[in-house]
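Note: the block below is query-v7.txt and it holds compact mmCIF, C-alpha atoms and all ligand atoms.
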# COMPACT_ATOMS: atom_id res chain seq x y z
CA MET A 1 0.00 0.00 0.00
CA ASP A 2 1.57 3.30 -1.07
CA CYS A 3 1.02 6.82 0.21
CA GLU A 4 -1.63 7.63 -2.38
CA ASP A 5 -3.70 4.56 -1.43
CA VAL A 6 -3.39 5.41 2.23
CA ARG A 7 -4.55 8.98 1.74
CA THR A 8 -7.60 7.84 -0.19
CA TYR A 9 -8.59 5.67 2.78
CA LEU A 10 -7.93 8.19 5.58
CA LEU A 11 -11.48 9.56 5.69
CA ASP A 12 -13.03 6.11 5.78
CA ASP A 13 -10.62 5.22 8.53
CA HIS A 14 -11.65 8.26 10.58
CA ARG A 15 -15.26 7.23 10.19
CA GLY A 16 -14.69 3.61 11.13
CA GLN A 17 -15.78 2.43 7.70
CA LEU A 18 -12.77 0.30 6.78
CA ALA A 19 -12.66 -3.45 7.13
CA PRO A 20 -10.48 -4.32 10.17
CA GLU A 21 -7.70 -5.77 8.01
CA LEU A 22 -7.49 -2.69 5.79
CA ALA A 23 -7.74 -0.35 8.77
CA ARG A 24 -4.73 -2.08 10.37
CA GLU A 25 -2.74 -1.67 7.16
CA VAL A 26 -3.60 2.02 6.97
CA ARG A 27 -2.75 2.63 10.63
CA ALA A 28 0.53 0.75 10.28
CA HIS A 29 1.55 2.89 7.31
CA VAL A 30 0.58 6.13 9.04
CA GLU A 31 2.71 5.19 12.03
CA ARG A 32 5.86 4.85 10.00
CA CYS A 33 5.30 7.51 7.32
CA ALA A 34 5.70 11.12 8.46
CA ALA A 35 4.00 12.60 5.38
CA CYS A 36 0.91 10.41 5.78
CA ALA A 37 0.85 11.05 9.53
CA HIS A 38 0.73 14.74 8.70
CA ASP A 39 -2.14 14.18 6.24
CA ASP A 40 -3.96 12.09 8.80
CA ALA A 41 -3.86 14.98 11.27
CA ALA A 42 -4.65 17.57 8.60
CA GLU A 43 -7.67 15.61 7.37
CA HIS A 44 -8.94 15.41 10.95
CA ALA A 45 -8.49 19.17 11.29
CA LEU A 46 -10.22 19.80 7.95
CA SER A 47 -13.20 17.63 8.92
CA GLU A 48 -13.53 19.52 12.15
CA LEU A 49 -13.31 22.82 10.31
CA LEU A 50 -16.00 21.82 7.80
CA GLU A 51 -18.32 20.34 10.40
CA ARG A 52 -18.05 23.10 12.95
CA ARG A 53 -17.21 26.32 11.14
CA LEU A 54 -18.48 26.12 7.58
CA PRO A 55 -21.52 28.45 7.47
CA GLN A 56 -24.75 26.57 6.73
CA HIS A 57 -27.42 28.13 4.57
CA PRO A 58 -30.86 26.68 5.34
CA ALA A 59 -33.75 27.75 3.13
CA PRO A 60 -35.38 31.01 4.16
CA LEU A 61 -38.85 30.74 5.67
CA ALA A 62 -40.43 32.59 2.73
CA LEU A 63 -39.13 29.96 0.31
CA LYS A 64 -40.37 27.13 2.53
CA ARG A 65 -43.82 28.67 2.72
CA ARG A 66 -43.91 29.17 -1.04
CA LEU A 67 -42.90 25.57 -1.73
CA ALA A 68 -45.32 24.16 0.84
CA ALA A 69 -48.18 26.19 -0.65
CA GLN A 70 -47.37 25.03 -4.16
CA TRP A 71 -46.77 21.41 -3.30
CA PRO A 72 -49.79 19.24 -4.09
CA ALA A 73 -51.58 17.96 -1.01
CA PRO A 74 -51.70 14.19 -0.54
CA GLY A 75 -55.33 13.57 -1.44
CA ALA A 76 -57.94 15.63 0.37
CA ALA A 77 -56.49 15.29 3.84
CA ARG A 78 -53.93 17.90 4.75
CA ALA A 79 -51.67 17.29 7.68
CA PRO A 80 -52.82 19.39 10.59
CA TRP A 81 -50.20 20.96 12.76
CA TRP A 82 -49.97 20.20 16.41
CA PRO A 83 -50.94 23.65 17.63
CA ARG A 84 -54.25 23.32 15.86
CA TRP A 85 -54.78 19.87 17.34
CA ARG A 86 -53.96 20.98 20.80
CA ARG A 87 -56.46 23.75 20.71
CA ALA A 88 -59.37 21.97 19.14
CA VAL A 89 -59.02 18.23 19.08
CA ALA A 90 -59.39 15.60 21.78
CA PRO A 91 -56.64 12.98 22.08
CA ALA A 92 -58.81 10.14 20.75
CA LEU A 93 -59.66 12.08 17.64
CA ALA A 94 -56.03 13.05 17.23
CA ALA A 95 -55.07 9.40 17.23
CA ALA A 96 -57.55 8.77 14.46
CA LEU A 97 -56.11 11.69 12.54
CA VAL A 98 -52.61 10.34 12.90
CA LEU A 99 -53.74 7.17 11.21
CA ALA A 100 -55.71 9.00 8.54
CA VAL A 101 -52.79 11.24 7.67
CA ALA A 102 -50.39 8.34 7.73
CA ALA A 103 -52.65 6.12 5.66
CA PRO A 104 -50.81 6.41 2.32
CA TRP A 105 -47.60 5.32 3.96
CA LEU A 106 -48.75 2.78 6.48
CA THR A 107 -49.05 -0.71 5.15
CA GLY A 108 -52.01 -1.41 7.41
CA ARG A 109 -53.75 -0.32 10.54
CA LEU A 110 -51.90 -0.14 13.80
CA PRO A 111 -51.80 -3.76 14.83
CA ALA A 112 -52.73 -5.06 18.25
CA SER A 113 -50.02 -5.13 20.87
CA GLY A 114 -47.40 -7.80 20.38
CA ARG A 115 -48.25 -8.62 16.80
CA GLY A 116 -45.53 -9.12 14.22
CA ASP A 117 -45.39 -5.85 12.34
CA GLY A 118 -46.09 -3.64 15.32
CA ALA A 119 -42.59 -2.25 15.03
CA GLN A 120 -43.33 -1.19 11.45
CA ALA A 121 -46.29 0.82 12.66
CA LEU A 122 -44.23 2.52 15.36
CA VAL A 123 -41.50 3.33 12.83
CA ALA A 124 -44.05 4.76 10.39
CA GLU A 125 -45.61 6.78 13.20
CA ALA A 126 -42.22 8.15 14.23
CA VAL A 127 -41.32 9.18 10.66
CA ASN A 128 -44.69 10.87 10.17
CA ASP A 129 -44.36 12.73 13.45
CA HIS A 130 -40.85 13.83 12.50
CA LEU A 131 -42.09 15.11 9.13
CA ARG A 132 -44.87 16.96 10.92
CA VAL A 133 -42.22 18.70 13.01
CA LEU A 134 -40.16 19.55 9.91
CA LEU A 135 -43.07 20.83 7.87
CA SER A 136 -44.66 22.83 10.64
CA GLU A 137 -44.11 26.54 10.36
CA HIS A 138 -43.65 26.85 14.09
CA PRO A 139 -42.42 23.47 15.23
CA LEU A 140 -41.00 24.67 18.53
CA GLU A 141 -43.10 26.06 21.32
CA VAL A 142 -40.11 26.67 23.51
CA GLU A 143 -36.86 27.74 21.93
CA SER A 144 -33.88 26.38 23.65
CA GLY A 145 -31.76 28.34 26.01
CA GLY A 146 -30.60 24.92 27.18
CA ILE A 147 -32.23 21.83 28.63
CA HIS A 148 -32.67 23.60 31.96
CA GLN A 149 -35.10 25.92 30.25
CA VAL A 150 -36.85 23.29 28.14
CA LYS A 151 -37.42 20.65 30.82
CA PRO A 152 -39.37 22.80 33.30
CA TRP A 153 -41.47 24.05 30.40
CA PHE A 154 -43.03 20.59 30.05
CA ALA A 155 -44.25 20.59 33.66
CA GLY A 156 -48.05 20.75 33.70
CA ARG A 157 -48.26 20.20 29.95
CA LEU A 158 -47.85 16.43 30.09
CA ASP A 159 -49.35 13.69 32.24
CA PHE A 160 -45.89 12.24 32.89
CA ALA A 161 -42.40 13.53 33.57
CA PRO A 162 -40.18 13.09 30.51
CA VAL A 163 -36.72 11.84 31.41
CA VAL A 164 -34.11 13.24 29.01
CA PRO A 165 -30.59 12.47 30.21
CA PHE A 166 -28.87 14.42 27.42
CA GLY A 167 -29.40 18.16 27.05
CA GLY A 168 -27.40 18.67 23.87
CA ASP A 169 -23.80 19.73 23.28
CA VAL A 170 -21.73 21.51 20.64
CA GLU A 171 -22.12 18.66 18.14
CA PHE A 172 -25.82 18.05 18.80
CA PRO A 173 -27.30 21.32 20.07
CA LEU A 174 -30.83 21.27 21.49
CA LYS A 175 -33.03 23.63 19.46
CA GLY A 176 -36.15 23.47 21.60
CA GLY A 177 -39.26 21.52 22.48
CA ALA A 178 -42.99 21.16 21.96
CA VAL A 179 -45.87 19.00 23.08
CA GLY A 180 -47.00 16.56 20.40
CA TRP A 181 -48.62 13.20 20.03
CA PHE A 182 -47.32 9.72 19.55
CA VAL A 183 -50.12 7.43 18.32
CA ASP A 184 -52.82 8.07 20.94
CA ARG A 185 -50.87 9.76 23.71
CA LYS A 186 -49.15 13.01 24.47
CA ALA A 187 -45.43 13.18 23.84
CA ALA A 188 -42.62 15.49 24.76
CA VAL A 189 -40.97 16.53 21.49
CA LEU A 190 -37.35 17.66 21.67
CA VAL A 191 -35.60 18.86 18.56
CA TYR A 192 -31.83 18.67 18.31
CA GLN A 193 -29.65 19.38 15.33
CA ARG A 194 -26.52 18.01 13.74
CA ARG A 195 -25.25 20.39 11.07
CA LEU A 196 -28.33 20.83 8.87
CA HIS A 197 -30.05 17.66 10.02
CA PRO A 198 -32.87 18.09 12.50
CA ILE A 199 -33.25 15.25 14.98
CA SER A 200 -36.61 14.69 16.69
CA LEU A 201 -36.86 12.88 20.00
CA PHE A 202 -40.31 11.81 21.15
CA VAL A 203 -40.75 10.77 24.77
CA PHE A 204 -44.09 9.21 25.79
CA ARG A 205 -45.72 6.57 28.00
CA ALA A 206 -44.61 3.18 26.76
CA ASP A 207 -47.56 1.02 27.85
CA GLY A 208 -50.00 -0.49 25.37
CA LEU A 209 -47.92 0.06 22.24
CA PRO A 210 -46.83 -2.74 19.88
CA TRP A 211 -43.14 -2.70 20.82
CA PRO A 212 -40.89 -5.08 18.93
CA ALA A 213 -40.23 -8.15 21.06
CA ARG A 214 -36.51 -8.07 20.38
CA GLY A 215 -34.46 -4.92 20.05
CA GLY A 216 -31.66 -6.48 18.12
CA GLU A 217 -29.16 -3.81 19.08
CA ARG A 218 -27.61 -2.68 22.35
CA ILE A 219 -27.19 1.06 22.65
CA GLY A 220 -25.71 2.09 25.96
CA GLY A 221 -27.60 -0.01 28.52
CA VAL A 222 -30.79 -0.51 26.53
CA ASP A 223 -32.18 -2.87 23.96
CA ALA A 224 -32.87 -0.65 20.96
CA TYR A 225 -34.64 -1.25 17.69
CA ARG A 226 -33.24 0.58 14.68
CA GLN A 227 -34.78 0.75 11.24
CA THR A 228 -34.46 2.93 8.18
CA ALA A 229 -37.64 3.98 6.45
CA ARG A 230 -38.11 6.44 3.59
CA GLY A 231 -34.66 7.92 4.02
CA PHE A 232 -34.99 8.40 7.77
CA THR A 233 -33.45 6.37 10.53
CA VAL A 234 -35.65 5.57 13.50
CA VAL A 235 -34.37 4.29 16.84
CA LEU A 236 -36.94 3.00 19.34
CA TRP A 237 -36.36 1.96 22.93
CA ARG A 238 -37.97 1.79 26.34
CA THR A 239 -36.62 2.82 29.71
CA GLY A 240 -38.92 2.04 32.63
CA ASP A 241 -42.41 3.35 31.88
CA LEU A 242 -41.22 5.64 29.12
CA GLY A 243 -40.88 5.02 25.42
CA TYR A 244 -38.44 6.86 23.17
CA ALA A 245 -38.46 7.40 19.41
CA LEU A 246 -35.54 9.10 17.74
CA VAL A 247 -35.83 10.14 14.08
CA SER A 248 -33.53 11.89 11.62
CA ASP A 249 -32.14 11.76 8.10
CA LEU A 250 -28.72 11.89 9.69
CA ASP A 251 -26.17 9.18 8.93
CA PRO A 252 -27.34 6.09 10.91
CA LYS A 253 -23.96 5.83 12.64
CA GLU A 254 -24.10 9.41 13.84
CA LEU A 255 -27.65 8.89 15.02
CA ALA A 256 -26.51 5.83 16.99
CA THR A 257 -23.80 8.00 18.59
CA PHE A 258 -26.47 10.51 19.52
CA ALA A 259 -28.72 7.74 20.88
CA SER A 260 -25.94 6.49 23.12
CA LYS A 261 -25.60 10.00 24.58
CA LEU A 262 -29.35 10.05 25.22
CA VAL A 263 -29.45 6.66 26.85
CA GLY A 264 -26.77 7.95 29.22
CA MET B 1 -44.59 25.44 -9.97
CA GLY B 2 -46.56 24.69 -13.14
CA GLY B 3 -50.20 24.59 -12.08
CA GLY B 4 -51.89 21.21 -12.15
CA ALA B 5 -49.06 19.42 -13.93
CA GLY B 6 -47.93 16.39 -12.03
CA THR B 7 -50.29 16.97 -9.13
CA GLY B 8 -51.05 13.30 -8.57
CA ALA B 9 -47.44 12.35 -9.06
CA GLY B 10 -46.34 15.07 -6.67
CA ALA B 11 -48.61 13.59 -4.06
CA ALA B 12 -46.92 10.25 -4.73
CA LEU B 13 -43.53 11.81 -3.95
CA GLY B 14 -45.06 12.87 -0.67
CA ARG B 15 -44.53 15.99 1.33
CA GLU B 16 -41.35 14.45 2.65
CA ALA B 17 -39.69 15.81 -0.48
CA LEU B 18 -40.04 19.18 1.24
CA ALA B 19 -38.18 17.90 4.28
CA TYR B 20 -34.89 18.15 2.35
CA VAL B 21 -35.26 21.81 1.47
CA ASP B 22 -32.60 23.01 3.93
CA SER B 23 -29.97 20.58 2.67
CA LEU B 24 -30.82 21.36 -0.95
CA HIS B 25 -30.70 25.08 -0.29
CA ASN B 26 -27.31 24.78 1.36
CA LEU B 27 -25.83 23.11 -1.72
CA ALA B 28 -27.64 25.57 -3.99
CA ARG B 29 -26.12 28.47 -2.05
CA TYR B 30 -22.63 27.05 -2.43
CA LEU B 31 -23.14 26.31 -6.12
CA THR B 32 -24.62 29.66 -7.11
CA GLY B 33 -22.72 31.79 -4.64
CA ASN B 34 -25.63 34.04 -3.74
CA ALA B 35 -28.94 33.94 -1.90
CA SER B 36 -31.40 34.86 -4.63
CA ASP B 37 -29.98 32.42 -7.21
CA ALA B 38 -30.01 29.72 -4.52
CA ASP B 39 -33.73 30.35 -3.89
CA ASP B 40 -34.46 30.18 -7.63
CA LEU B 41 -32.42 27.02 -8.04
CA VAL B 42 -34.26 25.27 -5.21
CA GLN B 43 -37.62 26.42 -6.53
CA GLU B 44 -36.74 25.16 -10.01
CA THR B 45 -35.48 21.88 -8.55
CA TYR B 46 -38.82 21.18 -6.89
CA ALA B 47 -40.69 22.19 -10.04
CA ARG B 48 -38.64 19.71 -12.08
CA ALA B 49 -39.07 17.06 -9.39
CA LEU B 50 -42.85 17.39 -9.69
CA LYS B 51 -42.70 17.09 -13.46
CA ALA B 52 -40.46 14.04 -13.23
CA ALA B 53 -42.28 12.49 -10.29
CA GLU B 54 -43.55 9.50 -12.24
CA ARG B 55 -39.92 8.57 -12.95
CA PHE B 56 -39.16 8.34 -9.25
CA THR B 57 -39.39 4.82 -7.86
CA PRO B 58 -41.05 4.95 -4.43
CA GLY B 59 -38.91 3.37 -1.79
CA THR B 60 -35.66 4.43 -3.45
CA ASN B 61 -33.56 7.31 -2.21
CA LEU B 62 -35.61 10.48 -2.58
CA LYS B 63 -32.91 12.69 -1.12
CA ALA B 64 -30.22 11.59 -3.60
CA TRP B 65 -32.77 11.89 -6.41
CA LEU B 66 -33.54 15.51 -5.45
CA PHE B 67 -29.85 16.38 -5.15
CA ARG B 68 -29.30 14.99 -8.63
CA ILE B 69 -32.09 17.12 -10.06
CA LEU B 70 -30.64 20.16 -8.32
CA ARG B 71 -27.19 19.53 -9.71
CA ASN B 72 -28.48 18.94 -13.24
CA THR B 73 -30.64 22.04 -13.04
CA PHE B 74 -27.64 24.03 -11.94
CA LEU B 75 -25.47 22.68 -14.75
CA SER B 76 -28.04 23.29 -17.45
CA ALA B 77 -29.60 26.56 -16.34
CA TYR B 78 -27.13 28.46 -14.22
CA ARG B 79 -23.61 27.54 -15.04
CA ARG B 80 -23.89 28.51 -18.69
CA GLU B 81 -25.20 31.97 -17.94
CA ARG B 82 -22.77 32.81 -15.24
CA ASN B 83 -19.96 35.20 -15.77
CA ASN B 84 -19.12 35.36 -12.11
CA PRO B 85 -15.34 35.66 -11.91
CA VAL B 86 -15.13 33.73 -8.66
CA SER B 87 -16.92 30.59 -9.73
CA GLY B 88 -15.87 30.85 -13.37
CA GLY B 89 -12.24 31.86 -13.32
CA LEU B 90 -11.12 29.86 -10.36
CA ASP B 91 -12.68 26.71 -11.71
CA THR B 92 -9.22 26.42 -13.15
CA VAL B 93 -8.16 25.21 -9.71
CA ASP B 94 -8.38 21.67 -10.92
CA PRO B 95 -7.97 19.22 -8.06
CA ALA B 96 -6.89 16.55 -10.52
CA ALA B 97 -4.03 18.62 -11.90
CA GLN B 98 -1.65 17.60 -9.16
CA GLY B 99 -1.09 14.14 -7.84
CA VAL B 100 -2.00 13.46 -4.23
CA ALA B 101 1.49 12.42 -3.24
CA ASP B 102 3.69 15.20 -4.59
CA ASP B 103 2.38 17.97 -2.41
CA HIS B 104 5.36 18.30 -0.12
CA TRP B 105 5.14 22.07 -0.10
CA LEU B 106 1.72 21.79 1.55
CA ARG B 107 2.87 19.68 4.43
CA ASP B 108 5.00 22.08 6.35
CA ASP B 109 4.80 22.09 10.10
CA MET B 110 2.56 25.12 10.05
CA GLU B 111 -0.38 23.57 8.20
CA LEU B 112 -2.14 22.13 11.24
CA ASP B 113 -1.60 25.34 13.10
CA ARG B 114 -3.09 27.32 10.23
CA LEU B 115 -6.08 25.02 9.82
CA ARG B 116 -7.00 25.48 13.46
CA LYS B 117 -7.10 29.25 13.07
CA ILE B 118 -9.32 29.37 10.01
CA VAL B 119 -12.59 31.25 10.59
CA ALA B 120 -16.02 30.67 9.05
CA GLY B 121 -15.69 33.27 6.31
CA GLU B 122 -12.34 31.91 5.21
CA ILE B 123 -13.45 28.29 4.90
CA GLU B 124 -16.51 29.45 2.95
CA ALA B 125 -14.41 31.60 0.62
CA ALA B 126 -11.88 28.82 0.08
CA LEU B 127 -14.64 26.35 -0.75
CA MET B 128 -16.06 28.77 -3.31
CA THR B 129 -12.79 28.78 -5.26
CA LEU B 130 -12.99 25.05 -5.99
CA SER B 131 -14.61 23.62 -9.10
CA ASP B 132 -18.38 23.02 -8.95
CA GLU B 133 -17.78 19.32 -8.79
CA ALA B 134 -15.21 19.44 -6.02
CA ARG B 135 -17.51 21.69 -3.98
CA THR B 136 -20.46 19.39 -4.60
CA VAL B 137 -18.58 16.26 -3.59
CA ILE B 138 -17.30 17.85 -0.37
CA LEU B 139 -20.74 19.15 0.59
CA LEU B 140 -22.58 15.92 -0.23
CA ASP B 141 -20.07 13.99 1.84
CA LEU B 142 -20.61 16.45 4.67
CA GLU B 143 -24.36 15.88 4.27
CA GLY B 144 -23.75 12.23 5.07
CA LEU B 145 -24.49 10.85 1.60
CA THR B 146 -22.90 7.49 0.90
CA GLU B 147 -20.49 6.92 -1.98
CA VAL B 148 -23.27 5.24 -3.96
CA GLU B 149 -25.50 8.27 -3.43
CA VAL B 150 -22.76 10.74 -4.33
CA ALA B 151 -22.11 8.77 -7.51
CA GLN B 152 -25.82 8.96 -8.35
CA VAL B 153 -25.91 12.72 -7.83
CA VAL B 154 -22.70 13.57 -9.64
CA GLY B 155 -23.19 10.94 -12.33
CA CYS B 156 -19.85 9.19 -11.94
CA ALA B 157 -18.76 5.63 -11.21
CA VAL B 158 -19.06 4.63 -7.55
CA GLY B 159 -15.45 3.50 -7.58
CA THR B 160 -14.20 7.00 -8.33
CA VAL B 161 -16.02 8.83 -5.53
CA LYS B 162 -13.38 8.13 -2.89
CA SER B 163 -10.52 9.52 -4.94
CA ARG B 164 -12.59 12.48 -6.17
CA LEU B 165 -13.37 13.37 -2.58
CA ALA B 166 -9.73 12.97 -1.53
CA ARG B 167 -8.61 15.25 -4.36
CA ALA B 168 -11.30 17.82 -3.63
CA ARG B 169 -10.31 17.99 0.02
CA LEU B 170 -6.66 18.32 -0.88
CA ALA B 171 -7.53 21.19 -3.23
CA LEU B 172 -9.39 22.81 -0.35
CA ARG B 173 -6.35 22.47 1.89
CA ARG B 174 -4.24 24.13 -0.80
CA GLN B 175 -6.64 27.05 -0.87
CA LEU B 176 -6.74 27.33 2.89
CA LYS B 177 -3.00 27.72 2.90
CA ASP B 178 -3.52 31.18 1.41
CA TYR B 179 -6.19 32.24 3.88
CA ALA B 180 -4.74 31.48 7.26
CA ARG B 181 -2.04 33.65 8.70
ZN ZN C 1 2.84 7.52 3.37
Show this structure as structure tokens.
Ligand SMILES: [Zn+2]
Amino acid sequence: MDCEDVRTYLLDDHRGQLAPELAREVRAHVERCAACAHDDAAEHALSELLERRLPQHPAPLALKRRLAAQWPAPGAARAPWWPRWRRAVAPALAAALVLAVAAPWLTGRLPASGRGDGAQALVAEAVNDHLRVLLSEHPLEVESGGIHQVKPWFAGRLDFAPVVPFGGDVEFPLKGGAVGWFVDRKAAVLVYQRRLHPISLFVFRADGLPWPARGGERIGGVDAYRQTARGFTVVLWRTGDLGYALVSDLDPKELATFASKLVG
Amino acid sequence: MGGGAGTGAGAALGREALAYVDSLHNLARYLTGNASDADDLVQETYARALKAAERFTPGTNLKAWLFRILRNTFLSAYRRERNNPVSGGLDTVDPAAQGVADDHWLRDDMELDRLRKIVAGEIEAALMTLSDEARTVILLDLEGLTEVEVAQVVGCAVGTVKSRLARARLALRRQLKDYAR
């Protein structure tokens, strides 16, 4: 393996995407080649520079409104925003609406607890709820000045106390929170961000939902269920009485990193 | 967006197409170099997406598909008309012109020091001097697109994405050498 090969693989190595054998070869070369060691460090520095300091240019609100107004509605039913629901609609009706809105995407009705494709329904629900957050003009009811501002805001607005062990950091800043719904129950919605990727965390009562029997993946101390649907990654888990759904279009690996911070 | 054309198909794409507007706008801003052209490019991208909606296979990667439309729209509609000296003239900074290995002059002891002092405006300006393709590859990688997705967007072989990205990043480091003091 010559220097040019090594340099082509450096980024993959930094991201843990090389096969173990190849990674060992790359590391061995870097250790004995001063020029490649320099590139290794410089590539790290460049990644950091791009990820942390490159200005991001999200679409202006006016453009988003224009596009949303021009985009054809899916059938007759338009997705209602949470604020409207909260004011006018009882929880039971809201649950029905969730299913109605989700209908084109759901393969079937929400199955009874414990049935095979229950996880699919939860994943579909999580993606729809995330999209609702993204497409809402005012997704956040409390803008974040930090978790210590967001957490107390939920008091009195929910019938449970959401436990959120991670309040955001430089890499995953907390943008704010809102009260939403998950299936038929109220949920604390916390929105974090990684570069331009919004990350929604829904925290809700776990009982009575069709949780997958096996998580299939250990994240931190919990059994988590991870699935990609329609370009979004969803991570579901339970801790005590509470259920968690994490959704983003972020790289699945980065989302897993974020999940491990949340699990604490 | 052209009236009733593609209304049913647009519904088939789903409103989730709109969920990528921030990412698309970011690339549009770095391709066009200014805010109003970026808005127009994104608007045109969604209009073309609606028209082409029946060619989108549900269940495949909508995000990569939209990025590809944006890039093609940029190449066909914007690049030709531009006489912007920054994006035009400095496209001559061809990352392929120099081999990866013979860049000894870049690797002085000061490079790491310089990189750590670069500020937001400098990294943005340096990125703007690269070729459209180099800029696109760097930004798509930063967006978290896989090599397969980047290849789809740029229209190149999957096997060449890794080396294109390595060359683009090296070209960026060369530019940054001139910014940091
Ligand atoms: Zn070497």
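Every protein or nucleic acid residue with an atom no more than 12 Å from B:Ala35, counting only C-alpha atoms and leaving out same-chain residues fewer than 4 positions away, appears here: His57, Pro58, Ala59, Pro60 and Leu63 of chain A; His25, Asn26, Leu27, Ala28, Arg29, Tyr30, Leu31, Asp39, Asp40, Leu41 and Val42 of chain B.
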Keeping C-alpha atoms, export the residues of the selection given above as a PDB file, keeping the file's coordinate frame.
ATOM      1  CA  HIS A  57     -27.420  28.130   4.570  1.00  0.00           C
ATOM      2  CA  PRO A  58     -30.860  26.680   5.340  1.00  0.00           C
ATOM      3  CA  ALA A  59     -33.750  27.750   3.130  1.00  0.00           C
ATOM      4  CA  PRO A  60     -35.380  31.010   4.160  1.00  0.00           C
ATOM      5  CA  LEU A  63     -39.130  29.960   0.310  1.00  0.00           C
TER       6      LEU A  63
ATOM      7  CA  HIS B  25     -30.700  25.080  -0.290  1.00  0.00           C
ATOM      8  CA  ASN B  26     -27.310  24.780   1.360  1.00  0.00           C
ATOM      9  CA  LEU B  27     -25.830  23.110  -1.720  1.00  0.00           C
ATOM     10  CA  ALA B  28     -27.640  25.570  -3.990  1.00  0.00           C
ATOM     11  CA  ARG B  29     -26.120  28.470  -2.050  1.00  0.00           C
ATOM     12  CA  TYR B  30     -22.630  27.050  -2.430  1.00  0.00           C
ATOM     13  CA  LEU B  31     -23.140  26.310  -6.120  1.00  0.00           C
ATOM     14  CA  ASP B  39     -33.730  30.350  -3.890  1.00  0.00           C
ATOM     15  CA  ASP B  40     -34.460  30.180  -7.630  1.00  0.00           C
ATOM     16  CA  LEU B  41     -32.420  27.020  -8.040  1.00  0.00           C
ATOM     17  CA  VAL B  42     -34.260  25.270  -5.210  1.00  0.00           C
TER      18      VAL B  42
END
Between A:Ser200, A:Gln70, A:Gln17, A:Gln227, which has the minimum distance to chain B (counting all atoms listed in the file)?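 Distance minimum relative to chain B lands on A:Gln70.
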Find the residues in chain B near chain A: any atom within 8 Å counts, using only C-alpha atoms. Write them as a PyMOL selection string. chain B and resi 1+7-8+10-12+14-16+18-19+21-23+25-26+29+39+43+46+59-63+100-101+107+111-112+115-116+118-121+123-124+142-145+162-163+166+173
Counting only C-alpha atoms, the residue of A:Glu217, A:Arg205, A:Val189, A:Ser260 that sits nearest A:Arg238: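 Nearest candidate to A:Arg238 out of A:Glu217, A:Arg205, A:Val189, A:Ser260: A:Arg205.
The spacing separating atom CA of B:Tyr20 from atom CA of B:Ile69 amounts to 12.8 Å.
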